[in-house]
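Novice: Structure: my_file01.txt, compact mmCIF, C-alpha atoms and all ligand atoms.
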# COMPACT_ATOMS: atom_id res chain seq x y z
CA MET A 952 -12.80 -49.37 19.68
CA LYS A 953 -12.99 -49.36 23.47
CA LYS A 954 -9.34 -50.39 23.77
CA SER A 955 -8.26 -47.51 21.52
CA GLN A 956 -10.36 -45.05 23.50
CA GLU A 957 -8.82 -46.33 26.72
CA TYR A 958 -5.36 -46.04 25.20
CA ALA A 959 -5.95 -42.39 24.22
CA TRP A 960 -7.28 -41.58 27.69
CA LYS A 961 -4.35 -43.35 29.36
CA ILE A 962 -1.57 -41.60 27.43
CA LEU A 963 -3.09 -38.11 27.66
CA PRO A 964 -1.79 -37.24 31.18
CA GLU A 965 1.68 -38.40 30.14
CA LEU A 966 1.56 -36.19 27.04
CA LEU A 967 0.35 -33.26 29.16
CA ASN A 968 3.15 -33.73 31.69
CA THR A 969 5.82 -33.66 28.98
CA GLU A 970 7.11 -30.24 27.95
CA GLY A 971 6.97 -29.00 24.38
CA ILE A 972 6.55 -25.33 23.50
CA SER A 973 6.38 -24.30 19.81
CA GLY A 974 9.99 -24.24 18.62
CA ASN A 975 11.20 -26.49 21.43
CA CYS A 976 9.46 -29.86 21.21
CA GLY A 977 12.34 -32.34 21.62
CA LYS A 978 10.99 -33.95 24.80
CA ILE A 979 7.42 -34.45 23.61
CA VAL A 980 8.64 -35.84 20.27
CA GLU A 981 10.88 -38.27 22.16
CA LEU A 982 7.88 -39.46 24.20
CA MET A 983 5.78 -39.95 21.05
CA GLU A 984 8.60 -41.96 19.46
CA LYS A 985 8.66 -44.21 22.53
CA LYS A 986 4.89 -44.76 22.24
CA LEU A 987 5.11 -45.49 18.50
CA LYS A 988 7.92 -47.99 19.01
CA ALA A 989 5.83 -49.78 21.64
CA LEU A 990 2.95 -49.94 19.12
CA LYS A 991 5.40 -51.14 16.43
CA ALA A 992 4.17 -48.29 14.21
CA LYS A 993 6.46 -47.01 11.45
CA TYR A 994 7.07 -43.27 11.53
CA GLU A 995 9.43 -40.59 10.34
CA ILE A 996 10.61 -37.33 11.88
CA THR A 997 10.64 -34.24 9.67
CA HIS A 998 13.54 -31.76 9.73
CA LYS A 999 11.27 -29.41 11.65
CA GLY A 1000 10.68 -32.11 14.27
CA GLY A 1001 7.17 -33.17 13.29
CA VAL A 1002 6.15 -36.84 13.36
CA ILE A 1003 4.52 -38.58 10.41
CA ILE A 1004 2.98 -42.05 10.69
CA LYS A 1005 1.92 -43.60 7.37
CA LEU A 1006 -0.59 -46.42 6.93
CA LYS A 1007 -1.26 -48.21 3.67
CA GLY A 1008 -4.89 -48.34 2.58
CA LYS A 1009 -7.11 -50.42 0.34
CA ASP A 1010 -6.68 -47.64 -2.22
CA ASN A 1011 -3.19 -46.13 -2.27
CA SER A 1012 -3.67 -43.82 -5.25
CA LYS A 1013 -4.44 -40.86 -2.97
CA VAL A 1014 -3.74 -39.86 0.61
CA ARG A 1015 -5.72 -38.66 3.57
CA VAL A 1016 -3.80 -36.55 6.08
CA LEU A 1017 -4.97 -36.20 9.69
CA THR A 1018 -3.05 -33.67 11.71
CA ALA A 1019 -2.85 -32.69 15.38
CA HIS A 1020 -0.30 -30.52 17.12
CA ALA A 1021 1.95 -31.51 20.01
CA ASP A 1022 3.35 -28.02 20.57
CA THR A 1023 1.86 -25.81 23.27
CA LEU A 1024 1.87 -22.26 24.49
CA GLY A 1025 4.73 -21.02 26.61
CA GLY A 1026 6.94 -18.08 27.40
CA MET A 1027 10.37 -16.82 26.38
CA VAL A 1028 12.67 -14.58 28.38
CA LYS A 1029 12.62 -11.03 26.96
CA LYS A 1030 14.62 -9.11 29.54
CA ILE A 1031 15.91 -9.25 33.11
CA GLY A 1032 14.69 -6.47 35.43
CA GLY A 1033 16.98 -4.50 37.77
CA ASP A 1034 15.38 -6.17 40.79
CA GLY A 1035 15.99 -9.68 39.47
CA ARG A 1036 12.57 -10.18 37.93
CA VAL A 1037 12.48 -12.14 34.66
CA PHE A 1038 10.21 -10.65 32.01
CA ILE A 1039 8.76 -12.97 29.39
CA VAL A 1040 6.96 -12.64 26.08
CA PRO A 1041 4.33 -15.16 25.03
CA VAL A 1042 5.00 -17.98 22.56
CA GLY A 1043 1.57 -18.41 20.94
CA GLY A 1044 -1.63 -16.84 22.25
CA VAL A 1045 -0.90 -16.49 25.97
CA SER A 1046 -2.71 -13.76 27.92
CA PRO A 1047 -1.11 -12.45 31.13
CA PHE A 1048 -4.32 -13.11 33.11
CA SER A 1049 -4.24 -16.79 32.10
CA VAL A 1050 -0.79 -17.37 33.60
CA GLU A 1051 -0.78 -14.96 36.54
CA GLY A 1052 -0.16 -17.09 39.63
CA GLU A 1053 1.24 -20.01 37.65
CA TYR A 1054 4.35 -21.89 38.72
CA VAL A 1055 6.97 -22.07 35.99
CA THR A 1056 10.33 -23.53 35.05
CA VAL A 1057 12.86 -21.36 33.25
CA GLU A 1058 15.34 -23.45 31.29
CA THR A 1059 18.71 -22.02 30.24
CA VAL A 1060 20.36 -22.95 26.94
CA SER A 1061 22.84 -25.11 28.88
CA GLY A 1062 19.91 -27.04 30.37
CA LYS A 1063 19.84 -25.59 33.89
CA ARG A 1064 16.31 -25.33 35.26
CA TYR A 1065 14.98 -22.83 37.75
CA ARG A 1066 11.56 -22.62 39.39
CA GLY A 1067 9.52 -19.48 39.75
CA THR A 1068 6.03 -17.98 39.72
CA VAL A 1069 4.33 -15.53 37.38
CA VAL A 1070 3.20 -12.66 39.63
CA HIS A 1071 2.55 -8.95 39.42
CA ASN A 1072 5.66 -6.78 39.81
CA ASN A 1073 4.24 -5.42 43.09
CA PRO A 1074 2.03 -8.33 44.13
CA SER A 1075 1.23 -7.85 47.83
CA ALA A 1076 -2.34 -6.88 48.66
CA HIS A 1077 -1.03 -5.22 51.83
CA VAL A 1078 1.23 -2.93 49.85
CA ASN A 1079 -0.26 -2.26 46.41
CA ALA A 1080 -3.65 -0.46 46.59
CA SER A 1081 -4.26 -0.64 42.82
CA LEU A 1082 -3.37 -4.35 42.45
CA SER A 1083 -6.88 -5.54 41.63
CA LYS A 1084 -7.57 -2.65 39.24
CA GLU A 1085 -4.46 -2.71 37.05
CA GLU A 1086 -4.87 -4.20 33.61
CA ARG A 1087 -2.37 -7.03 33.24
CA SER A 1088 0.38 -7.06 30.63
CA PHE A 1089 3.74 -8.78 30.35
CA GLU A 1090 5.20 -5.46 31.54
CA ASN A 1091 3.56 -5.56 35.00
CA VAL A 1092 3.42 -9.34 35.32
CA SER A 1093 6.74 -11.20 35.36
CA VAL A 1094 8.53 -14.26 36.75
CA ARG A 1095 9.63 -14.17 40.39
CA LEU A 1096 12.47 -16.70 40.55
CA ASP A 1097 12.76 -18.96 43.59
CA GLU A 1098 16.42 -18.04 43.88
CA LYS A 1099 18.20 -15.46 46.05
CA VAL A 1100 18.43 -12.82 43.34
CA LYS A 1101 18.34 -9.06 43.93
CA SER A 1102 19.69 -7.71 40.64
CA ALA A 1103 19.92 -8.45 36.93
CA ALA A 1104 23.54 -9.47 37.51
CA ASP A 1105 22.41 -12.12 40.05
CA VAL A 1106 20.01 -13.59 37.49
CA LYS A 1107 22.60 -13.59 34.73
CA LYS A 1108 24.99 -15.43 37.08
CA LEU A 1109 22.47 -18.29 37.13
CA GLY A 1110 22.91 -18.54 33.38
CA ILE A 1111 19.45 -17.15 32.55
CA GLY A 1112 19.37 -14.97 29.47
CA VAL A 1113 17.18 -13.55 26.70
CA GLY A 1114 15.67 -16.33 24.58
CA ASP A 1115 15.42 -18.94 27.34
CA TYR A 1116 12.19 -20.92 27.38
CA CYS A 1117 9.70 -20.64 30.24
CA TYR A 1118 7.35 -23.60 30.82
CA PHE A 1119 4.05 -23.06 32.59
CA ASP A 1120 3.16 -25.96 34.93
CA PRO A 1121 0.36 -27.94 33.28
CA ARG A 1122 -1.08 -29.02 36.68
CA VAL A 1123 -2.64 -32.21 35.35
CA GLU A 1124 -5.48 -33.58 37.44
CA VAL A 1125 -7.64 -36.56 36.50
CA THR A 1126 -10.94 -36.63 38.42
CA LYS A 1127 -13.11 -39.62 39.33
CA SER A 1128 -15.94 -37.97 37.43
CA GLY A 1129 -14.00 -38.35 34.17
CA PHE A 1130 -12.47 -34.92 33.67
CA ILE A 1131 -8.88 -33.99 32.94
CA LYS A 1132 -7.99 -30.50 34.10
CA SER A 1133 -4.73 -29.26 32.65
CA ARG A 1134 -3.08 -26.65 30.53
CA HIS A 1135 -2.25 -27.68 26.97
CA LEU A 1136 -5.24 -29.96 26.30
CA ASP A 1137 -5.06 -27.88 23.11
CA ASP A 1138 -3.98 -29.94 21.33
CA LYS A 1139 -2.49 -32.83 23.24
CA ALA A 1140 -6.03 -34.20 23.47
CA GLY A 1141 -6.07 -34.22 19.65
CA VAL A 1142 -2.70 -35.98 19.61
CA ALA A 1143 -4.07 -38.57 22.07
CA ALA A 1144 -7.08 -39.20 19.78
CA LEU A 1145 -4.80 -39.71 16.76
CA PHE A 1146 -2.61 -42.06 18.80
CA GLY A 1147 -5.81 -43.91 19.74
CA ALA A 1148 -6.40 -44.42 16.02
CA VAL A 1149 -2.77 -45.49 15.46
CA GLU A 1150 -3.24 -48.04 18.25
CA TYR A 1151 -6.46 -49.27 16.60
CA PHE A 1152 -4.81 -49.98 13.25
CA ALA A 1153 -1.73 -51.48 14.92
CA ARG A 1154 -3.87 -53.91 16.91
CA THR A 1155 -6.66 -54.88 14.51
CA LYS A 1156 -6.59 -56.29 11.00
CA ASP A 1157 -8.74 -53.41 9.70
CA ILE A 1158 -7.27 -51.52 6.76
CA PRO A 1159 -7.87 -47.79 6.07
CA ALA A 1160 -9.97 -47.01 2.99
CA TYR A 1161 -7.11 -44.89 1.59
CA GLU A 1162 -3.46 -44.42 2.41
CA THR A 1163 -3.52 -42.43 5.64
CA TRP A 1164 -0.94 -40.14 7.17
CA PHE A 1165 -1.03 -39.03 10.81
CA TYR A 1166 0.90 -35.78 10.91
CA ILE A 1167 1.83 -34.51 14.38
CA SER A 1168 3.04 -30.96 13.94
CA VAL A 1169 5.19 -29.02 16.40
CA ALA A 1170 4.60 -25.35 15.54
CA GLU A 1171 0.83 -24.89 15.14
CA GLU A 1172 0.48 -22.31 17.88
CA THR A 1173 2.76 -20.02 15.90
CA GLY A 1174 0.96 -20.68 12.58
CA ASN A 1175 3.74 -22.80 11.17
CA GLY A 1176 2.62 -26.39 11.72
CA THR A 1177 1.45 -28.69 8.91
CA VAL A 1178 2.94 -26.64 6.09
CA SER A 1179 5.59 -28.94 4.64
CA LYS A 1180 6.01 -32.55 3.52
CA LEU A 1181 2.35 -32.80 2.49
CA PRO A 1182 1.85 -35.35 -0.29
CA GLN A 1183 0.79 -33.90 -3.64
CA ASN A 1184 -1.97 -36.52 -3.90
CA CYS A 1185 -3.52 -35.55 -0.56
CA PHE A 1186 -7.24 -35.18 -1.25
CA GLU A 1187 -8.65 -34.82 2.26
CA LEU A 1188 -7.00 -33.06 5.16
CA ILE A 1189 -8.40 -33.16 8.69
CA ALA A 1190 -7.16 -31.18 11.65
CA VAL A 1191 -8.04 -32.93 14.91
CA ASP A 1192 -7.99 -29.98 17.25
CA MET A 1193 -10.01 -28.70 20.19
CA GLY A 1194 -13.63 -27.64 20.00
CA ALA A 1195 -14.20 -24.07 21.25
CA LEU A 1196 -16.64 -23.76 24.15
CA GLY A 1197 -18.12 -20.58 25.58
CA ASN A 1198 -21.01 -18.14 25.46
CA GLY A 1199 -23.05 -18.61 22.33
CA GLN A 1200 -21.23 -21.81 21.41
CA THR A 1201 -22.94 -25.13 20.64
CA SER A 1202 -19.96 -27.36 21.50
CA ASP A 1203 -19.68 -29.04 24.88
CA GLU A 1204 -17.32 -31.23 26.88
CA TYR A 1205 -19.16 -34.47 26.19
CA THR A 1206 -19.25 -34.70 22.38
CA VAL A 1207 -16.91 -34.35 19.42
CA SER A 1208 -17.10 -30.84 17.96
CA ILE A 1209 -17.29 -30.64 14.17
CA CYS A 1210 -16.32 -27.19 12.93
CA ALA A 1211 -18.35 -25.70 10.08
CA LYS A 1212 -16.40 -22.45 9.99
CA ASP A 1213 -13.61 -20.72 11.86
CA SER A 1214 -11.86 -17.35 11.44
CA THR A 1215 -10.27 -18.53 8.22
CA GLY A 1216 -13.65 -19.30 6.61
CA PRO A 1217 -15.95 -22.28 6.09
CA PHE A 1218 -14.50 -25.76 5.97
CA ASP A 1219 -15.25 -27.99 3.01
CA TYR A 1220 -19.02 -28.45 2.89
CA GLU A 1221 -19.06 -31.89 1.23
CA LEU A 1222 -16.47 -33.26 3.63
CA ARG A 1223 -18.35 -31.80 6.59
CA LYS A 1224 -21.54 -33.55 5.46
CA LYS A 1225 -19.61 -36.80 5.03
CA ILE A 1226 -18.13 -36.58 8.55
CA VAL A 1227 -21.48 -35.70 10.13
CA GLY A 1228 -22.92 -38.71 8.26
CA ILE A 1229 -20.21 -40.98 9.70
CA ALA A 1230 -20.97 -39.70 13.23
CA GLU A 1231 -24.71 -40.27 12.68
CA LYS A 1232 -24.23 -43.76 11.25
CA ASN A 1233 -22.01 -44.85 14.14
CA LYS A 1234 -24.05 -43.08 16.83
CA ILE A 1235 -21.08 -40.95 17.87
CA PRO A 1236 -22.29 -37.94 19.91
CA TYR A 1237 -21.29 -34.74 18.06
CA LYS A 1238 -22.03 -31.03 17.76
CA VAL A 1239 -21.59 -28.82 14.69
CA ASP A 1240 -20.24 -25.42 15.65
CA ILE A 1241 -18.62 -22.19 14.46
CA TYR A 1242 -15.45 -20.97 16.15
CA PRO A 1243 -15.30 -17.16 16.13
CA MET A 1244 -11.60 -16.66 16.99
CA TYR A 1245 -9.81 -19.72 15.73
CA GLY A 1246 -7.21 -20.87 13.24
CA SER A 1247 -5.72 -24.32 12.76
CA ASP A 1248 -3.23 -26.47 10.93
CA ALA A 1249 -5.93 -27.25 8.35
CA ALA A 1250 -5.97 -23.61 7.24
CA ALA A 1251 -2.16 -23.42 7.47
CA ALA A 1252 -1.88 -26.50 5.22
CA LEU A 1253 -4.32 -25.07 2.68
CA ARG A 1254 -2.29 -21.89 2.39
CA THR A 1255 0.59 -23.99 1.02
CA GLY A 1256 -1.56 -24.52 -2.07
CA ILE A 1257 -2.53 -28.17 -1.73
CA ASP A 1258 -5.70 -29.15 -3.56
CA ALA A 1259 -7.51 -30.96 -0.74
CA ARG A 1260 -10.87 -30.79 0.98
CA HIS A 1261 -10.32 -29.74 4.58
CA MET A 1262 -12.17 -30.18 7.86
CA LEU A 1263 -11.65 -29.84 11.56
CA PHE A 1264 -13.07 -31.79 14.45
CA GLY A 1265 -11.96 -32.52 17.99
CA PRO A 1266 -12.80 -32.77 21.66
CA GLY A 1267 -14.59 -29.89 23.34
CA VAL A 1268 -12.13 -28.08 25.62
CA ASP A 1269 -13.34 -25.57 28.19
CA ALA A 1270 -11.41 -22.33 28.98
CA SER A 1271 -9.02 -22.71 26.05
CA HIS A 1272 -5.46 -21.32 26.29
CA SER A 1273 -6.08 -20.97 30.00
CA PHE A 1274 -7.29 -23.33 32.75
CA GLU A 1275 -8.48 -25.97 30.31
CA ARG A 1276 -10.70 -28.96 31.00
CA LEU A 1277 -11.94 -31.92 29.00
CA HIS A 1278 -14.26 -34.84 29.71
CA ARG A 1279 -13.48 -38.40 28.76
CA ASP A 1280 -16.74 -38.67 26.75
CA SER A 1281 -15.52 -36.02 24.36
CA LEU A 1282 -12.15 -37.70 23.82
CA ASN A 1283 -13.89 -41.06 23.30
CA SER A 1284 -16.15 -39.54 20.62
CA THR A 1285 -13.16 -37.94 18.89
CA THR A 1286 -11.17 -41.18 18.85
CA ALA A 1287 -14.18 -43.09 17.51
CA LEU A 1288 -14.91 -40.54 14.77
CA THR A 1289 -11.24 -40.54 13.73
CA VAL A 1290 -11.15 -44.34 13.32
CA LYS A 1291 -14.54 -44.55 11.57
CA TYR A 1292 -13.61 -41.77 9.16
CA ILE A 1293 -10.37 -43.52 8.21
CA LEU A 1294 -12.28 -46.76 7.52
CA GLU A 1295 -14.93 -45.06 5.39
CA LYS A 1296 -14.55 -44.53 1.62
ZN ZN B 1301 -4.84 -26.10 18.84
How does the structure come out when it is put into structure tokens?
Specialist:
Amino acid sequence: MKKSQEYAWKILPELLNTEGISGNCGKIVELMEKKLKALKAKYEITHKGGVIIKLKGKDNSKVRVLTAHADTLGGMVKKIGGDGRVFIVPVGGVSPFSVEGEYVTVETVSGKRYRGTVVHNNPSAHVNASLSKEERSFENVSVRLDEKVKSAADVKKLGIGVGDYCYFDPRVEVTKSGFIKSRHLDDKAGVAALFGAVEYFARTKDIPAYETWFYISVAEETGNGTVSKLPQNCFELIAVDMGALGNGQTSDEYTVSICAKDSTGPFDYELRKKIVGIAEKNKIPYKVDIYPMYGSDAAAALRTGIDARHMLFGPGVDASHSFERLHRDSLNSTTALTVKYILEK
């Protein structure tokens, strides 16, 4: 197990440093393919760009699906201002306050890349008296390009136009104390845990209890992730996605969070009890929690009409959709619970 946990921890910074906004995940999918080839794991790519890894089980009459999402939040160019500012709209749940001050890359459709910073339209403290009081929106916060541009025409000359993607710098930092600080731990940490499990079954002779599919989706943040290609005989569906920390929450950064209920309603009670039992039996540190403002690929998959029990667990991530942070302990627990669950009848 330790090797798989180390593998998940090792690949996470690489996943975080590879771009992939919902609707534009080519680079992150390419990286995952490289990893899967190195593990000699068989996989397929869906038309939508998702990755499915299938493992045979002791019982192949029904299928377990475990899903995590490789897509992240980002921005898209909405309009170019008269002074050369680039205005963006969020892709997924991005708040202006969570990206104000962030360095970005704007990528044109022809592949040209330009650097910039998300700042207020009138950002100097020595000039704007109301700067600290103004409520932020994507109308008064925009991208200041690091190019000599003074007009919309100057920006258009660079090739930048409406619909171009804007990547927020993840700013990955691994600390000696075992934290990873980065944007997009939601849900690249979940992807890392699933890859830890893929590594486990590639390396050991252990066989899953049932046929098992790892489904890495690429459009979860926009509600459109694990909604196709699900096998009709799927009987259990698990989303491995971040645990929500904050005031009033039970989850923390050092355990695996098991979600009893999110905004879409309670998860399957019997499956929750089974997963808690597996954590107890294997002495995996866990917390059961309720996420007040949360949806996932498990709920998205259920809306397609599949008749499966569903659950969600994952590493506790602080300051979600913002300046996120995760501790290694939490990822270790998630990887361990994933493997033990797959082995259990
Ligand atoms: Zn997520």
Novice: Could you check the closest approach to Gly1112 in chain A for each of A:Ser1061, A:Asn1184, A:Thr1286, A:Ser1088 and tell me which residue wins, using all atoms listed in the file?
Specialist: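 Between A:Ser1061, A:Asn1184, A:Thr1286, A:Ser1088, the residue approaching Gly1112 in chain A most closely is A:Ser1061.
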Novice: Please identify every residue of chain A that has at least one atom no farther than 8 Å from an atom of ligand ZN 1301 (chain B), counting only C-alpha atoms and all ligand atoms, and for each give the shortest atom pair and the distance in Å to one decimal, arranged by chain then increasing number, as a tab-separated table.
Specialist:
residue	atom	partner	partner_atom	distance
A:Ala1019	CA	B:ZN1301	ZN	7.7
A:His1020	CA	B:ZN1301	ZN	6.6
A:Asp1137	CA	B:ZN1301	ZN	4.6
A:Asp1138	CA	B:ZN1301	ZN	4.7
A:Glu1171	CA	B:ZN1301	ZN	6.9
A:Glu1172	CA	B:ZN1301	ZN	6.6
A:Asp1192	CA	B:ZN1301	ZN	5.2
A:Met1193	CA	B:ZN1301	ZN	5.9
A:Ser1247	CA	B:ZN1301	ZN	6.4
Novice: CA of Cys1185 in chain A to CA of Arg1015 in chain A: how many Å, to one decimal?
Specialist: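 For CA of Cys1185 in chain A relative to CA of Arg1015 in chain A, the distance reads 5.6 Å.
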Novice: Give me, as a list in words, all polymer residues having an atom no more than 6 Å from Pro1047 in chain A, counting only C-alpha atoms and skipping those fewer than 2 positions away in the same chain.
Specialist: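 Neighbouring residues, sequence-local ones excluded: Ser1049, Val1050, Glu1051, Arg1087 and Ser1088 of chain A.
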Novice: Show me, as an NGL selection string, the residues that have an atom within 10 Å of Asn1091 in chain A when counting all atoms listed in the file, minus same-chain residues fewer than 2 positions from it.
Specialist: :A and (1038 or 1047 or 1070-1074 or 1085-1089 or 1093)
Novice: Nearest to Val1092 in chain A: which of A:Phe1146, A:Phe1048, A:Tyr1118, A:Tyr1292 is it, counting only C-alpha atoms?
Specialist: A:Phe1048
Novice: I need the residue nearest Asp1120 in chain A from this list: A:Lys1296, A:Lys1005, A:His998, A:Arg1134. Use only C-alpha atoms for the distance.
Specialist: A:Arg1134
Novice: So which one's closest to Gly1265 in chain A, A:Asn1283, A:Ser1208, A:Thr1068, A:Thr1163? Using only C-alpha atoms, please.
Specialist: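 Once distances to Gly1265 in chain A are computed over only C-alpha atoms, the minimum belongs to A:Ser1208.
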Novice: Which residues are close to His1278 in chain A, i.e. within 12 Å by all atoms listed in the file, leaving aside same-chain residues fewer than 2 positions away? Reply as a PDB file with C-alpha atoms, in the frame of the given file.
Specialist:
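Written output follows (result.pdb):
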ATOM      1  CA  TRP A 960      -7.280 -41.580  27.690  1.00  0.00           C
ATOM      2  CA  LEU A 963      -3.090 -38.110  27.660  1.00  0.00           C
ATOM      3  CA  GLU A1124      -5.480 -33.580  37.440  1.00  0.00           C
ATOM      4  CA  VAL A1125      -7.640 -36.560  36.500  1.00  0.00           C
ATOM      5  CA  THR A1126     -10.940 -36.630  38.420  1.00  0.00           C
ATOM      6  CA  LYS A1127     -13.110 -39.620  39.330  1.00  0.00           C
ATOM      7  CA  SER A1128     -15.940 -37.970  37.430  1.00  0.00           C
ATOM      8  CA  GLY A1129     -14.000 -38.350  34.170  1.00  0.00           C
ATOM      9  CA  PHE A1130     -12.470 -34.920  33.670  1.00  0.00           C
ATOM     10  CA  ILE A1131      -8.880 -33.990  32.940  1.00  0.00           C
ATOM     11  CA  LYS A1132      -7.990 -30.500  34.100  1.00  0.00           C
ATOM     12  CA  SER A1133      -4.730 -29.260  32.650  1.00  0.00           C
ATOM     13  CA  LEU A1136      -5.240 -29.960  26.300  1.00  0.00           C
ATOM     14  CA  ALA A1140      -6.030 -34.200  23.470  1.00  0.00           C
ATOM     15  CA  ASP A1203     -19.680 -29.040  24.880  1.00  0.00           C
ATOM     16  CA  GLU A1204     -17.320 -31.230  26.880  1.00  0.00           C
ATOM     17  CA  TYR A1205     -19.160 -34.470  26.190  1.00  0.00           C
ATOM     18  CA  THR A1206     -19.250 -34.700  22.380  1.00  0.00           C
ATOM     19  CA  VAL A1207     -16.910 -34.350  19.420  1.00  0.00           C
ATOM     20  CA  PRO A1266     -12.800 -32.770  21.660  1.00  0.00           C
ATOM     21  CA  GLY A1267     -14.590 -29.890  23.340  1.00  0.00           C
ATOM     22  CA  VAL A1268     -12.130 -28.080  25.620  1.00  0.00           C
ATOM     23  CA  ASP A1269     -13.340 -25.570  28.190  1.00  0.00           C
ATOM     24  CA  GLU A1275      -8.480 -25.970  30.310  1.00  0.00           C
ATOM     25  CA  ARG A1276     -10.700 -28.960  31.000  1.00  0.00           C
ATOM     26  CA  ASP A1280     -16.740 -38.670  26.750  1.00  0.00           C
ATOM     27  CA  SER A1281     -15.520 -36.020  24.360  1.00  0.00           C
ATOM     28  CA  LEU A1282     -12.150 -37.700  23.820  1.00  0.00           C
ATOM     29  CA  ASN A1283     -13.890 -41.060  23.300  1.00  0.00           C
ATOM     30  CA  SER A1284     -16.150 -39.540  20.620  1.00  0.00           C
ATOM     31  CA  THR A1285     -13.160 -37.940  18.890  1.00  0.00           C
TER      32      THR A1285
END
Novice: Can you tell me how far CA of Tyr1242 in chain A sits from CA of Gly1044 in chain A, in Å to one decimal?
Specialist: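 Rounded to one decimal, the two atoms are 15.7 Å apart.
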Novice: Just give me the gap between CA of Ala1249 in chain A and CA of Thr1177 in chain A in Å, one decimal is fine.
Specialist: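 One can read the CA of Ala1249 in chain A to CA of Thr1177 in chain A distance as 7.5 Å.
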Novice: Need to verify the contact set: range 1231-1241 of chain A, 7 Å, all atoms listed in the file, exclusion of same-chain residues closer than 2 positions in sequence. Can you return it as a compact mmCIF listing (two decimals) with C-alpha atoms, in the frame of the given file?
Specialist:
# COMPACT_ATOMS: atom_id res chain seq x y z
CA GLN A 1200 -21.23 -21.81 21.41
CA THR A 1201 -22.94 -25.13 20.64
CA SER A 1202 -19.96 -27.36 21.50
CA THR A 1206 -19.25 -34.70 22.38
CA VAL A 1207 -16.91 -34.35 19.42
CA SER A 1208 -17.10 -30.84 17.96
CA ILE A 1209 -17.29 -30.64 14.17
CA CYS A 1210 -16.32 -27.19 12.93
CA ALA A 1211 -18.35 -25.70 10.08
CA LYS A 1212 -16.40 -22.45 9.99
CA ASP A 1213 -13.61 -20.72 11.86
CA VAL A 1227 -21.48 -35.70 10.13
CA GLY A 1228 -22.92 -38.71 8.26
CA ILE A 1229 -20.21 -40.98 9.70
CA PRO A 1243 -15.30 -17.16 16.13
CA SER A 1284 -16.15 -39.54 20.62
CA LEU A 1288 -14.91 -40.54 14.77
Novice: Give me, as number ranges by chain, all polymer residues having an atom no more than 10 Å from Val1178 in chain A, counting all atoms listed in the file and skipping those fewer than 5 positions away in the same chain.
Specialist: A: 1168, 1170-1171, 1248-1257
Novice: Counting only C-alpha atoms, which residue out of A:Ile1031, A:Arg1036, A:Ile1158, A:Ile1003 sits closest to Pro1182 in chain A?
Specialist: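 Using only C-alpha atoms, the shortest distance to Pro1182 in chain A belongs to A:Ile1003.
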Novice: Go through A:Glu957, A:Asp1010, A:Glu981, A:Glu995 and flag the residue nearest Tyr1166 in chain A, using all atoms listed in the file for the distances.
Specialist: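 Smallest distance to Tyr1166 in chain A is found for A:Glu995.
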